[in-house]
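Q: Would you mind keeping the following structure in view while I ask a few things?
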Amino acid sequence: MLTRIDHIGIACFDLDRTVEFYRATYGFEVFHSEVNEEQGVREAMLKINDTPDGGASYLQLLEPTREDSTVAKWLAKNGEGVHHIAFGTADVDGEAADIRDKGVRVLYEEPRRGSMGSRITFLHPKDCHGVLTELVTSAPVESPEH
């Protein structure tokens, strides 16, 4: 079962400049940042709010780190803007299998590592009315005592 909008991915040419825009315009602060070598991106997660299921909703800003990355190719074709939408689920494997059984192409045979230790997969945009869709199972959040 999908439980929330986990994040909206926004492709950008200059991550630092884009982060500053969201900070100055909306007051959003970076909750987490990392480089994902496998995906070829440098990213910043801006937390928008917590959700009732213990997760959160974010804006994910994505800057390519190499020209052959999917995000770099997307930017070359489309320019900056909304790249994908991600839905949270407690079971990315099960949700992907259920969606695959409904005839939607799942892009990864097995979920991969995503932001903040999450497990992710993507659904083909041609099967989702033109929207690249990500499924996300967030990594457990450890309590401050541990």
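Labels used: A, B, ... for chains in the order of the structure tokens, numbers from 1 for residues in each chain, and numbers from 1 for ligands as shown.
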Hey, what's within 6 Å of range 54-67 of chain A if we count only C-alpha atoms and toss same-chain stuff fewer than 4 positions away? As number ranges by chain, please?

A: A: 6-13, 15, 40-50, 71-72

Q: Please dump the current selection as a compact mmCIF listing (two decimals), in the first residue's frame; keep C-alpha atoms.

A:
# COMPACT_ATOMS: atom_id res chain seq x y z
CA ASP A 6 7.65 10.70 -0.18
CA HIS A 7 9.24 13.34 -2.38
CA ILE A 8 9.15 15.24 -5.62
CA GLY A 9 12.44 15.08 -7.52
CA ILE A 10 13.56 18.28 -9.20
CA ALA A 11 16.45 18.21 -11.67
CA CYS A 12 18.76 21.22 -11.63
CA PHE A 13 22.01 22.37 -13.19
CA LEU A 15 22.47 22.34 -6.74
CA GLY A 40 25.36 9.83 -10.89
CA VAL A 41 23.82 12.65 -8.85
CA ARG A 42 24.53 15.04 -6.05
CA GLU A 43 21.35 15.65 -4.12
CA ALA A 44 19.78 17.64 -1.32
CA MET A 45 16.62 16.59 0.50
CA LEU A 46 14.57 19.54 1.77
CA LYS A 47 12.09 18.37 4.41
CA ILE A 48 8.61 19.81 3.96
CA ASN A 49 6.73 18.04 6.76
CA ASP A 50 6.41 14.85 8.80
CA VAL A 71 19.41 13.08 -14.73
CA ALA A 72 22.03 14.70 -17.02

Q: If you run DSSP on the backbone here, which positions in chain A get alpha helix (DSSP H)? Please write them as a PyMOL selection string.

A: chain A and resi 15-26+70-78+92-101

Q: Let me make sure I understand: among A:Cys128, A:Glu37, A:Leu123, A:Asp14, which one has the smallest atom-to-atom distance to Glu109 in chain A if we use only C-alpha atoms?

A: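 Looking at the shortest contact to Glu109 in chain A, the residue is A:Leu123.
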
Q: I'd like the neighbourhood of Gln39 in chain A as a list in words, where a residue qualifies if any of its atoms comes within 8 Å (using only C-alpha atoms), though same-chain residues fewer than 3 positions away should be ignored.

A: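 The neighbour list is Asn36, Ser69 and Thr70 of chain A.
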
Q: Could those residues be written to a file, using N, CA and C atoms, as a tab-separated table (two decimals), in the first residue's frame?

A:
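Heads up, here's the output in again-v1.tsv:
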chain	number	residue	atom	x	y	z
A	36	ASN	N	25.19	10.23	-4.79
A	36	ASN	CA	24.84	8.85	-5.10
A	36	ASN	C	25.59	8.49	-6.38
A	69	SER	N	24.72	10.24	-16.74
A	69	SER	CA	23.68	9.91	-15.76
A	69	SER	C	22.30	10.17	-16.36
A	70	THR	N	21.31	9.48	-15.83
A	70	THR	CA	19.93	9.65	-16.30
A	70	THR	C	19.47	11.09	-16.12

Q: Write down as JSON, numbers by chain the residues belonging to range 14-118 of chain A that are assigned strand (DSSP E or B) by DSSP computed on the backbone.

A: {"A": [30, 31, 32, 33, 34, 35, 36, 41, 42, 43, 44, 45, 46, 47, 48, 49, 50, 56, 57, 58, 59, 60, 61, 62, 63, 64, 81, 82, 83, 84, 85, 86, 87, 88, 89, 106, 112, 113]}

Q: Any chance you can output those residues with N, CA, C and O atoms as a compact mmCIF listing (two decimals), in the first residue's frame?

A:
# COMPACT_ATOMS: atom_id res chain seq x y z
N VAL A 30 18.01 22.32 4.09
CA VAL A 30 18.50 21.00 3.72
C VAL A 30 18.44 20.10 4.94
O VAL A 30 19.00 20.41 5.98
N PHE A 31 17.73 18.99 4.80
CA PHE A 31 17.64 17.97 5.84
C PHE A 31 18.76 16.95 5.69
O PHE A 31 19.31 16.45 6.66
N HIS A 32 19.11 16.65 4.45
CA HIS A 32 20.13 15.64 4.16
C HIS A 32 20.71 15.93 2.78
O HIS A 32 20.00 16.36 1.88
N SER A 33 22.00 15.68 2.61
CA SER A 33 22.61 15.77 1.28
C SER A 33 23.60 14.63 1.11
O SER A 33 24.15 14.12 2.10
N GLU A 34 23.79 14.21 -0.13
CA GLU A 34 24.72 13.13 -0.40
C GLU A 34 25.01 13.09 -1.90
O GLU A 34 24.32 13.71 -2.69
N VAL A 35 26.05 12.33 -2.24
CA VAL A 35 26.34 12.00 -3.62
C VAL A 35 26.01 10.53 -3.79
O VAL A 35 26.46 9.69 -3.01
N ASN A 36 25.19 10.23 -4.79
CA ASN A 36 24.84 8.85 -5.10
C ASN A 36 25.59 8.49 -6.38
O ASN A 36 25.18 8.87 -7.47
N VAL A 41 24.40 11.37 -9.27
CA VAL A 41 23.82 12.65 -8.85
C VAL A 41 24.36 13.10 -7.50
O VAL A 41 24.77 12.30 -6.67
N ARG A 42 24.35 14.41 -7.35
CA ARG A 42 24.53 15.04 -6.05
C ARG A 42 23.16 15.56 -5.69
O ARG A 42 22.46 16.14 -6.54
N GLU A 43 22.73 15.32 -4.46
CA GLU A 43 21.35 15.65 -4.12
C GLU A 43 21.24 16.32 -2.75
O GLU A 43 22.10 16.16 -1.90
N ALA A 44 20.14 17.04 -2.61
CA ALA A 44 19.78 17.64 -1.32
C ALA A 44 18.30 17.34 -1.09
O ALA A 44 17.48 17.53 -1.98
N MET A 45 18.01 16.86 0.11
CA MET A 45 16.62 16.59 0.50
C MET A 45 16.18 17.74 1.41
O MET A 45 16.79 17.98 2.45
N LEU A 46 15.14 18.45 0.99
CA LEU A 46 14.57 19.54 1.77
C LEU A 46 13.28 19.03 2.39
O LEU A 46 12.34 18.69 1.67
N LYS A 47 13.25 18.93 3.71
CA LYS A 47 12.09 18.37 4.41
C LYS A 47 10.96 19.40 4.43
O LYS A 47 11.15 20.54 4.84
N ILE A 48 9.78 18.94 3.98
CA ILE A 48 8.61 19.81 3.96
C ILE A 48 7.78 19.60 5.22
O ILE A 48 7.40 20.55 5.89
N ASN A 49 7.51 18.33 5.54
CA ASN A 49 6.73 18.04 6.76
C ASN A 49 6.86 16.56 7.12
O ASN A 49 7.26 15.74 6.30
N ASP A 50 6.52 16.24 8.36
CA ASP A 50 6.41 14.85 8.80
C ASP A 50 5.05 14.32 8.37
O ASP A 50 4.12 15.09 8.12
N ALA A 56 8.11 11.21 6.07
CA ALA A 56 8.14 12.65 5.83
C ALA A 56 7.93 12.89 4.35
O ALA A 56 7.99 11.96 3.55
N SER A 57 7.69 14.14 3.99
CA SER A 57 7.63 14.55 2.59
C SER A 57 8.75 15.54 2.33
O SER A 57 9.02 16.42 3.16
N TYR A 58 9.40 15.38 1.18
CA TYR A 58 10.58 16.17 0.85
C TYR A 58 10.50 16.70 -0.57
O TYR A 58 9.76 16.18 -1.40
N LEU A 59 11.31 17.70 -0.85
CA LEU A 59 11.72 18.05 -2.20
C LEU A 59 13.13 17.47 -2.33
O LEU A 59 13.97 17.67 -1.45
N GLN A 60 13.38 16.76 -3.41
CA GLN A 60 14.71 16.20 -3.67
C GLN A 60 15.29 16.96 -4.85
O GLN A 60 14.76 16.88 -5.97
N LEU A 61 16.34 17.72 -4.61
CA LEU A 61 17.00 18.46 -5.67
C LEU A 61 18.15 17.62 -6.19
O LEU A 61 18.96 17.11 -5.40
N LEU A 62 18.23 17.45 -7.51
CA LEU A 62 19.19 16.54 -8.13
C LEU A 62 20.05 17.27 -9.15
O LEU A 62 19.54 17.86 -10.10
N GLU A 63 21.37 17.21 -8.95
CA GLU A 63 22.33 17.76 -9.90
C GLU A 63 23.19 16.59 -10.41
O GLU A 63 23.74 15.85 -9.61
N PRO A 64 23.31 16.42 -11.73
CA PRO A 64 24.13 15.31 -12.22
C PRO A 64 25.61 15.52 -11.91
O PRO A 64 26.09 16.65 -11.91
N GLY A 81 13.52 21.26 -13.84
CA GLY A 81 12.13 21.12 -13.47
C GLY A 81 11.84 19.79 -12.81
O GLY A 81 12.75 19.04 -12.44
N VAL A 82 10.54 19.51 -12.66
CA VAL A 82 10.10 18.29 -11.98
C VAL A 82 10.56 17.09 -12.81
O VAL A 82 10.26 16.97 -14.00
N HIS A 83 11.30 16.20 -12.17
CA HIS A 83 11.86 15.01 -12.80
C HIS A 83 11.02 13.77 -12.51
O HIS A 83 10.79 12.96 -13.38
N HIS A 84 10.58 13.63 -11.25
CA HIS A 84 9.78 12.46 -10.88
C HIS A 84 9.00 12.72 -9.59
O HIS A 84 9.26 13.68 -8.88
N ILE A 85 8.05 11.82 -9.33
CA ILE A 85 7.31 11.83 -8.07
C ILE A 85 7.55 10.48 -7.42
O ILE A 85 7.64 9.46 -8.10
N ALA A 86 7.72 10.49 -6.10
CA ALA A 86 7.99 9.26 -5.36
C ALA A 86 6.93 9.03 -4.30
O ALA A 86 6.58 9.95 -3.55
N PHE A 87 6.43 7.81 -4.27
CA PHE A 87 5.44 7.40 -3.27
C PHE A 87 6.11 6.50 -2.24
O PHE A 87 6.87 5.61 -2.59
N GLY A 88 5.80 6.74 -0.97
CA GLY A 88 6.31 5.91 0.11
C GLY A 88 5.48 4.66 0.29
O GLY A 88 4.26 4.67 0.11
N THR A 89 6.16 3.58 0.66
CA THR A 89 5.51 2.30 0.95
C THR A 89 6.35 1.55 1.97
O THR A 89 7.57 1.70 2.00
N VAL A 106 8.43 -2.14 -14.34
CA VAL A 106 9.27 -1.73 -13.22
C VAL A 106 10.70 -1.71 -13.75
O VAL A 106 11.15 -2.70 -14.33
N ARG A 112 17.04 -0.78 -5.49
CA ARG A 112 18.40 -0.27 -5.28
C ARG A 112 18.42 0.67 -4.08
O ARG A 112 17.39 1.07 -3.58
N ARG A 113 19.64 1.06 -3.69
CA ARG A 113 19.81 2.01 -2.60
C ARG A 113 19.47 3.40 -3.09
O ARG A 113 19.91 3.83 -4.14

Q: Just to confirm, what's the straight-line distance from CA of Gly103 in chain A to CA of Asp91 in chain A in Å (one decimal)?

A: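 Calculated distance between CA of Gly103 in chain A and CA of Asp91 in chain A is 18.8 Å.
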
Q: Hey, which of A:Val92, A:Leu75, A:Ala97, A:Ile5 ends up closest to Ile120 in chain A? Count only C-alpha atoms.

A: A:Val92
